[in-house]
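Shown next: upload37.txt, given as compact mmCIF, C-alpha atoms.
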# COMPACT_ATOMS: atom_id res chain seq x y z
CA MET A 10 132.58 52.32 134.46
CA PRO A 11 130.32 55.40 134.31
CA TYR A 12 132.37 58.58 134.08
CA GLU A 13 130.63 60.12 137.08
CA ALA A 14 131.91 57.30 139.29
CA MET A 15 135.53 57.71 138.29
CA SER A 16 138.03 59.00 140.82
CA PRO A 17 139.88 62.31 140.41
CA SER A 18 142.97 60.38 139.42
CA ASP A 19 141.10 59.34 136.30
CA ASP A 20 141.03 62.89 134.95
CA GLU A 21 143.73 61.95 132.46
CA ASP A 22 141.70 58.99 131.22
CA LEU A 23 138.71 61.26 130.78
CA LEU A 24 140.81 63.82 128.95
CA ALA A 25 142.11 61.13 126.60
CA ALA A 26 138.53 60.05 125.94
CA TYR A 27 137.63 63.69 125.33
CA ALA A 28 140.45 64.04 122.82
CA ALA A 29 139.18 60.91 121.07
CA GLY A 30 135.81 62.58 120.54
CA ASP A 31 133.80 61.02 123.38
CA ALA A 32 130.95 63.45 124.14
CA ALA A 33 130.16 61.77 127.48
CA ALA A 34 133.74 62.46 128.60
CA ALA A 35 133.32 66.13 127.66
CA ARG A 36 130.23 66.38 129.86
CA ALA A 37 131.80 64.48 132.76
CA LEU A 38 134.95 66.61 132.70
CA THR A 39 132.93 69.81 132.61
CA GLN A 40 130.79 68.74 135.56
CA ARG A 41 133.87 67.71 137.47
CA LEU A 42 136.26 70.56 136.72
CA ALA A 43 134.19 73.66 135.98
CA PRO A 44 132.92 74.16 139.59
CA ARG A 45 136.45 73.75 140.91
CA VAL A 46 137.97 76.19 138.46
CA PHE A 47 135.18 78.67 139.02
CA ALA A 48 135.56 78.50 142.82
CA HIS A 49 139.30 79.04 142.63
CA ALA A 50 138.92 81.99 140.27
CA PHE A 51 136.15 83.45 142.44
CA ARG A 52 138.42 83.42 145.49
CA MET A 53 141.43 84.69 143.63
CA LEU A 54 139.40 87.55 142.15
CA GLY A 55 137.90 88.78 145.41
CA GLY A 56 134.45 87.30 144.90
CA ASP A 57 133.69 88.82 141.51
CA ARG A 58 131.35 86.27 139.95
CA ALA A 59 131.36 87.65 136.40
CA GLU A 60 135.14 87.87 136.31
CA ALA A 61 135.44 84.39 137.80
CA GLU A 62 133.17 82.99 135.09
CA ASP A 63 135.28 84.64 132.38
CA VAL A 64 138.48 83.22 133.81
CA ALA A 65 137.00 79.76 134.31
CA GLN A 66 135.75 79.77 130.73
CA GLU A 67 139.18 80.76 129.41
CA ALA A 68 141.00 78.18 131.56
CA LEU A 69 138.70 75.37 130.43
CA LEU A 70 139.00 76.45 126.82
CA ARG A 71 142.77 76.14 127.11
CA LEU A 72 142.35 72.68 128.60
CA TRP A 73 140.13 71.52 125.73
CA ARG A 74 142.66 72.81 123.23
CA ALA A 75 145.54 71.17 125.07
CA ALA A 76 143.73 67.82 125.27
CA PRO A 77 144.87 66.31 121.93
CA GLY A 78 148.54 66.90 122.77
CA TRP A 79 148.27 66.07 126.48
CA ARG A 80 151.25 64.07 127.70
CA ARG A 81 150.19 61.60 130.32
CA GLY A 82 152.04 61.47 133.62
CA GLU A 83 153.64 64.91 133.33
CA ALA A 84 151.18 66.81 135.51
CA LYS A 85 147.78 66.19 137.03
CA VAL A 86 144.97 67.80 135.10
CA THR A 87 143.86 69.70 138.21
CA THR A 88 147.41 70.91 138.92
CA TRP A 89 147.62 72.26 135.38
CA LEU A 90 144.20 73.89 135.70
CA TYR A 91 144.95 75.54 139.06
CA ARG A 92 148.11 77.00 137.55
CA VAL A 93 146.39 78.33 134.44
CA THR A 94 143.47 79.70 136.46
CA ALA A 95 145.68 81.49 138.99
CA ASN A 96 147.86 82.98 136.27
CA LEU A 97 144.81 84.26 134.41
CA CYS A 98 143.49 85.78 137.65
CA ILE A 99 146.78 87.45 138.51
CA ASP A 100 147.10 88.88 134.99
CA ARG A 101 143.55 90.18 135.13
CA ARG A 102 144.01 91.80 138.53
CA ARG A 103 147.29 93.32 137.47
CA ARG A 104 145.70 94.84 134.39
CA SER A 105 142.60 96.12 136.13
CA ARG A 106 143.49 97.61 139.46
CA GLY A 107 146.45 96.08 141.29
CA THR A 108 146.22 95.11 144.96
CA THR A 109 142.97 96.01 146.61
CA ASP A 110 143.05 98.18 149.67
CA LEU A 111 141.35 96.10 152.35
CA GLU A 112 139.87 99.15 154.04
CA ALA A 113 138.30 100.29 150.78
CA VAL A 114 136.28 97.12 150.28
CA PRO A 115 132.65 97.90 151.09
CA GLU A 116 130.94 95.88 153.75
CA LEU A 117 128.43 93.56 152.16
CA VAL A 118 127.25 91.93 155.33
CA ASP A 119 126.21 93.58 158.54
CA GLY A 120 128.13 91.46 161.01
CA ALA A 121 125.82 91.97 164.00
CA ALA A 122 122.73 91.27 161.97
CA SER A 123 124.32 88.16 160.54
CA VAL A 124 125.10 86.84 163.98
CA ALA A 125 121.57 87.52 165.04
CA ASP A 126 120.26 85.71 162.02
CA GLY A 127 122.52 82.75 162.52
CA LEU A 128 124.65 83.61 159.50
CA GLN A 129 128.03 83.76 161.22
CA GLN A 130 129.48 81.24 158.86
CA ARG A 131 128.65 83.26 155.81
CA ALA A 132 129.85 86.43 157.46
CA ARG A 133 133.13 84.80 158.41
CA ALA A 134 133.59 83.45 154.89
CA GLU A 135 133.00 86.88 153.44
CA ALA A 136 135.34 88.50 155.94
CA LEU A 137 137.97 85.95 155.03
CA GLN A 138 137.44 86.69 151.35
CA ARG A 139 138.01 90.38 151.97
CA ALA A 140 141.11 89.70 154.01
CA LEU A 141 142.42 87.38 151.30
CA ASP A 142 141.79 90.07 148.74
CA GLY A 143 144.18 92.34 150.60
CA LEU A 144 147.09 89.91 150.32
CA PRO A 145 149.69 90.04 147.58
CA ALA A 146 148.67 87.73 144.75
CA ARG A 147 151.18 84.95 145.40
CA GLN A 148 150.43 84.84 149.14
CA ARG A 149 146.72 84.76 148.40
CA GLN A 150 147.19 81.91 145.93
CA ALA A 151 149.30 79.88 148.37
CA VAL A 152 146.90 80.36 151.30
CA ILE A 153 143.84 79.51 149.21
CA LEU A 154 145.43 76.37 147.80
CA ARG A 155 146.71 75.24 151.20
CA HIS A 156 143.91 76.12 153.59
CA ILE A 157 140.78 76.29 151.46
CA GLU A 158 141.41 73.91 148.58
CA GLY A 159 143.28 71.65 151.03
CA LEU A 160 146.20 70.78 148.75
CA ALA A 161 149.52 69.51 150.04
CA ASN A 162 152.61 71.71 149.83
CA PRO A 163 154.35 69.62 147.12
CA GLU A 164 151.36 69.99 144.81
CA ILE A 165 151.15 73.71 145.56
CA ALA A 166 154.84 73.98 144.74
CA GLN A 167 154.13 72.36 141.36
CA ILE A 168 151.21 74.66 140.68
CA MET A 169 153.15 77.78 141.60
CA ASP A 170 156.37 76.52 140.04
CA ILE A 171 158.40 77.22 143.18
CA GLY A 172 160.07 75.16 145.91
CA ILE A 173 158.28 73.69 148.92
CA ARG A 174 160.17 76.03 151.28
CA ALA A 175 158.93 79.00 149.30
CA VAL A 176 155.37 77.68 149.58
CA GLU A 177 155.71 77.36 153.35
CA SER A 178 157.06 80.89 153.55
CA LEU A 179 154.26 82.34 151.44
CA VAL A 180 151.60 80.52 153.47
CA ALA A 181 153.11 81.62 156.80
CA ARG A 182 153.33 85.27 155.74
CA GLY A 183 149.83 85.13 154.30
CA LYS A 184 148.40 83.72 157.51
CA ARG A 185 150.09 86.38 159.63
CA ALA A 186 148.60 89.07 157.42
CA LEU A 187 145.17 87.44 157.61
CA GLU A 188 145.32 87.24 161.40
CA ALA A 189 146.17 90.92 161.55
CA ALA A 190 143.37 91.82 159.15
CA LEU A 191 140.74 89.72 160.88
CA THR A 192 141.60 90.63 164.47
CA GLY A 193 139.36 93.66 164.50
CA ARG A 194 136.38 91.77 163.10
CA ARG A 195 136.19 88.90 165.58
CA ALA A 196 133.66 90.48 167.90
CA GLU A 197 131.22 91.34 165.15
CA LEU A 198 131.60 87.86 163.68
CA GLY A 199 130.60 86.12 166.87
CA TYR A 200 133.95 85.56 168.57
CA ASP A 201 134.63 86.63 172.14
CA ASP A 202 137.90 88.45 172.68
CA ASP A 203 138.73 86.10 175.55
CA ASP A 204 138.65 82.86 173.56
CA MET B 12 161.14 85.94 180.14
CA THR B 13 160.10 82.33 179.61
CA ASP B 14 156.61 83.21 180.79
CA ARG B 15 156.42 85.95 178.21
CA LYS B 16 157.51 83.54 175.45
CA ASP B 17 154.95 80.98 176.60
CA ASP B 18 152.30 83.68 176.57
CA ARG B 19 153.24 84.60 173.03
CA ASP B 20 153.11 80.94 171.94
CA ASP B 21 149.70 80.49 173.54
CA ARG B 22 148.43 83.61 171.83
CA GLY B 23 149.84 82.39 168.51
CA ALA B 24 148.11 79.02 168.89
CA ALA B 25 144.84 80.75 169.76
CA ASP B 26 145.17 83.03 166.73
CA SER B 27 145.81 80.01 164.48
CA ALA B 28 142.72 78.28 165.87
CA LYS B 29 140.62 81.37 165.22
CA LEU B 30 142.04 81.70 161.72
CA GLU B 31 141.23 78.05 161.13
CA SER B 32 137.60 78.77 161.98
CA PHE B 33 137.61 81.40 159.20
CA PHE B 34 139.12 78.88 156.81
CA ALA B 35 136.49 76.33 157.81
CA ALA B 36 133.79 78.90 157.06
CA GLY B 37 135.47 79.64 153.71
CA ARG B 38 135.51 75.94 152.81
CA ALA B 39 131.88 75.51 153.84
CA GLU B 40 130.74 78.54 151.83
CA LYS B 41 132.10 77.27 148.57
CA PRO B 42 131.29 79.51 145.61
CA ARG B 43 129.20 77.55 143.15
CA PRO B 44 128.62 78.33 139.49
CA ASP B 45 125.04 78.56 138.32
CA GLY B 46 123.40 76.12 135.94
CA ASP B 47 123.54 78.45 132.95
CA PHE B 48 127.27 78.82 133.30
CA LEU B 49 127.75 75.04 133.50
CA ALA B 50 125.54 74.55 130.45
CA ARG B 51 127.62 77.11 128.53
CA MET B 52 130.82 75.38 129.59
CA GLU B 53 129.46 72.03 128.45
CA SER B 54 128.52 73.47 125.06
CA ALA B 55 131.97 75.02 124.72
CA ALA B 56 133.62 71.70 125.61
CA LEU B 57 131.59 69.90 122.94
CA ALA B 58 132.25 72.64 120.37
CA GLU B 59 136.01 72.44 120.94
CA GLN B 60 136.10 68.66 120.98
CA PRO B 61 138.03 66.98 118.19
CA ALA B 62 135.86 64.89 115.90
CA ALA B 63 135.53 61.29 116.95
CA ARG B 64 138.29 59.23 115.45
CA PRO B 65 136.80 56.63 113.11
CA VAL B 66 137.36 53.10 114.25
CA PRO B 67 139.87 51.60 111.85
CA VAL B 68 138.23 48.84 109.84
CA ALA B 69 140.45 46.13 108.46
CA PRO B 70 139.99 45.85 104.70
CA VAL B 71 137.94 42.81 103.88
CA ALA B 72 140.06 40.45 101.84
CA HIS B 73 138.30 39.56 98.57
CA ARG B 74 138.01 35.82 98.41
CA PRO B 75 136.98 34.60 94.99
CA GLY B 76 134.44 31.82 94.76
CA PHE B 77 135.07 28.46 93.14
CA LEU B 78 134.42 29.67 89.60
CA GLY B 79 136.43 32.78 90.25
CA HIS B 80 139.28 30.65 91.50
CA ILE B 81 139.17 28.53 88.34
CA ARG B 82 139.12 31.69 86.25
CA GLU B 83 142.20 33.01 88.03
CA VAL B 84 144.05 29.72 87.57
CA LEU B 85 143.30 29.84 83.87
CA GLY B 86 144.64 33.36 83.53
CA GLY B 87 141.50 35.45 83.81
CA TRP B 88 138.74 35.99 81.31
CA THR B 89 141.17 35.83 78.38
CA GLY B 90 142.36 32.39 79.37
CA VAL B 91 138.81 31.17 79.91
CA ALA B 92 137.72 32.47 76.51
CA GLY B 93 140.66 30.78 74.82
CA LEU B 94 139.95 27.50 76.57
CA VAL B 95 136.27 27.60 75.63
CA ALA B 96 137.13 28.37 72.03
CA ALA B 97 139.63 25.54 71.89
CA GLY B 98 137.16 23.12 73.47
CA ALA B 99 134.40 24.10 71.03
CA ALA B 100 136.75 23.70 68.12
CA GLY B 101 137.78 20.25 69.35
CA ILE B 102 134.18 19.10 69.67
CA TRP B 103 133.35 20.48 66.23
CA ILE B 104 136.34 18.70 64.67
CA GLY B 105 135.51 15.50 66.46
CA VAL B 106 131.83 15.42 65.56
CA SER B 107 132.04 16.77 62.05
CA PRO B 108 135.59 17.04 60.88
CA PRO B 109 136.09 19.32 57.92
CA ASP B 110 136.88 17.58 54.65
CA GLY B 111 140.29 19.12 54.33
CA LEU B 112 141.30 17.81 57.72
CA THR B 113 140.91 14.13 56.80
CA VAL B 114 143.89 14.46 54.50
CA PHE B 115 146.04 15.03 57.60
CA TRP B 116 144.13 13.01 60.14
CA SER B 117 142.64 9.63 59.31
CA VAL B 118 143.13 6.24 60.74
CA ASP B 119 144.98 5.16 57.66
CA ALA B 120 146.99 8.32 57.35
CA SER B 121 147.99 8.32 61.00
CA GLY B 122 149.43 4.88 60.55
CA LEU B 123 148.44 3.71 63.96
CA GLY B 124 147.48 0.32 62.61
CA ALA B 125 150.88 -0.08 61.02
CA LEU B 126 152.62 0.67 64.26
CA GLY B 127 151.01 -2.36 65.88
CA VAL B 128 151.12 -1.04 69.39
CA ASP B 129 151.88 -3.87 71.81
CA PRO B 130 150.82 -2.83 75.30
CA LEU B 131 152.82 -5.59 76.93
CA GLY B 132 156.02 -6.36 75.12
CA GLY B 133 158.06 -9.54 75.42
CA PHE B 134 160.79 -7.74 77.27
CA ASP B 135 158.29 -6.57 79.88
CA LEU B 136 156.91 -10.08 80.28
CA SER B 137 160.34 -11.46 80.87
CA LEU B 138 160.82 -8.91 83.66
CA VAL B 139 157.51 -9.89 85.28
CA GLU B 140 158.03 -13.56 85.03
CA GLY B 141 161.65 -13.50 85.99
Using the file provided, produce a representation of the structure as structure tokens.
Amino acid sequence: MPYEAMSPSDDEDLLAAYAAGDAAAARALTQRLAPRVFAHAFRMLGGDRAEAEDVAQEALLRLWRAAPGWRRGEAKVTTWLYRVTANLCIDRRRRSRGTTDLEAVPELVDGAASVADGLQQRARAEALQRALDGLPARQRQAVILRHIEGLANPEIAQIMDIGIRAVESLVARGKRALEAALTGRRAELGYDDDD
Amino acid sequence: MTDRKDDRDDRGAADSAKLESFFAAGRAEKPRPDGDFLARMESAALAEQPAARPVPVAPVAHRPGFLGHIREVLGGWTGVAGLVAAGAAGIWIGVSPPDGLTVFWSVDASGLGALGVDPLGGFDLSLVEG
């Protein structure tokens, strides 16, 4: 079966092939995992592309080095990668600046102009990114994994190494904070106050 | 009181729906790495990859040919050389026996004629005939 056609559950098979020296498996895994790792790092790091690339590179490097000793069935490859990526992001943020003040983040998109140009979606995504950036790291991680990456709570619990109840609590608190942060931006992002 | 709680619930549901529209926008606007980055990641993956494990090849059992088999049965080259030497010596003695050898080996000296070998003795005949 061509590697491109394999399902995500075959990541472990691909990793075993990688460890055995199969160059096609190396390419297939990179194409499959690098965009995902990059996107997660990008969101965790407040949209900093250069930082996200650095983190993604480091996370993938760790995966390649872990491949020969990978124990099948212990954890999904993506679960392991999400965990490594998030930890790298949190460490990096902690070292560099701590929690970002939401009000201090410069506006990159003129909301009214975006609406006029039919770019509400992009404006909303960017507003969400800024609101996420104002959350504590663990809340941000939980909300991103649950509502953007679309993972189930048990998998998030594995990634974050906490219980399912704790995941639910982090997500609920994160969403409340997001609602509060985004309330003032609805009008400029194309929402009526009445709806 | 109940009305106020219902109002709060309705507002909460509306807020969740609005938040979901932000999440939907976030999912749709997925950050994508550029081609250069992916190419670098692919190169790094290949550079870190363990060397391909050689496919184990079963050692080919050495099967000697017919002559080799004979040689082994005879005890290798030493045995073959000894056998050849003995055969050559036998032919030489048979064709042109050395003078000194006739003292020990002649028809008269061997005494075969005197033995009078009887291939079918009377005792054997009596057994056959009953």
I'd like a table as CSV: residues in chain B with an atom no more than 9 Å from chain A, each row giving the shortest atom pair and its distance in Å to one decimal, all atoms listed in the file counted, sorted by chain and rising residue number.
residue,atom,partner,partner_atom,distance
B:Ala25,CA,A:Asp204,CA,7.6
B:Asp26,CA,A:Glu188,CA,6.8
B:Ser27,CA,A:Glu188,CA,7.9
B:Lys29,CA,A:Glu188,CA,8.4
B:Leu30,CA,A:Glu188,CA,6.4
B:Glu31,CA,A:His156,CA,8.2
B:Ser32,CA,A:Arg133,CA,8.3
B:Phe33,CA,A:Arg133,CA,5.7
B:Phe34,CA,A:Ile157,CA,6.2
B:Ala35,CA,A:Ile157,CA,7.7
B:Ala36,CA,A:Ala134,CA,5.0
B:Gly37,CA,A:Ala134,CA,4.4
B:Arg38,CA,A:Ile157,CA,5.5
B:Ala39,CA,A:Gln130,CA,8.0
B:Glu40,CA,A:Ala134,CA,6.4
B:Lys41,CA,A:Ala48,CA,6.8
B:Pro42,CA,A:Ala48,CA,5.2
B:Arg43,CA,A:Pro44,CA,6.2
B:Pro44,CA,A:Pro44,CA,6.0
B:Phe48,CA,A:Glu62,CA,7.4
B:Leu49,CA,A:Ala43,CA,7.0
B:Arg51,CA,A:Gln66,CA,8.8
B:Met52,CA,A:Thr39,CA,6.7
B:Glu53,CA,A:Thr39,CA,5.9
B:Ser54,CA,A:Arg36,CA,8.7
B:Ala55,CA,A:Leu70,CA,7.5
B:Ala56,CA,A:Ala35,CA,5.9
B:Leu57,CA,A:Ala35,CA,6.3
B:Glu59,CA,A:Trp73,CA,6.4
B:Gln60,CA,A:Gly30,CA,6.1
B:Pro61,CA,A:Gly30,CA,5.5
B:Ala62,CA,A:Gly30,CA,5.2
B:Ala63,CA,A:Gly30,CA,3.8
B:Arg64,CA,A:Ala29,CA,5.9
Around all the atoms of stretch 169-188 of chain A listed in the file, draw an axis-aligned box and extend it by 8 Å on each of the six sides; I want its centre and edge lengths in Å to one decimal, as lines of an AutoDock Vina configuration file.
center_x = 152.7
center_y = 81.4
center_z = 150.7
size_x = 31.0
size_y = 31.4
size_z = 37.4
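Coordinates place atom CA of B:Val84 at a distance of 21.6 Å from atom CA of B:Ala100.
Every protein, DNA or RNA residue with an atom at most 6 Å from A:Ile168, where all atoms listed in the file count and chain neighbours fewer than 2 positions away do not, is listed here: Thr88, Arg92, Ile165, Ala166 and Asp170 of chain A.
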Legend entry - Pairwise distance for atom CA of A:Gly78 and atom CA of A:Glu21, rounded to one decimal in Å: 11.9 Å
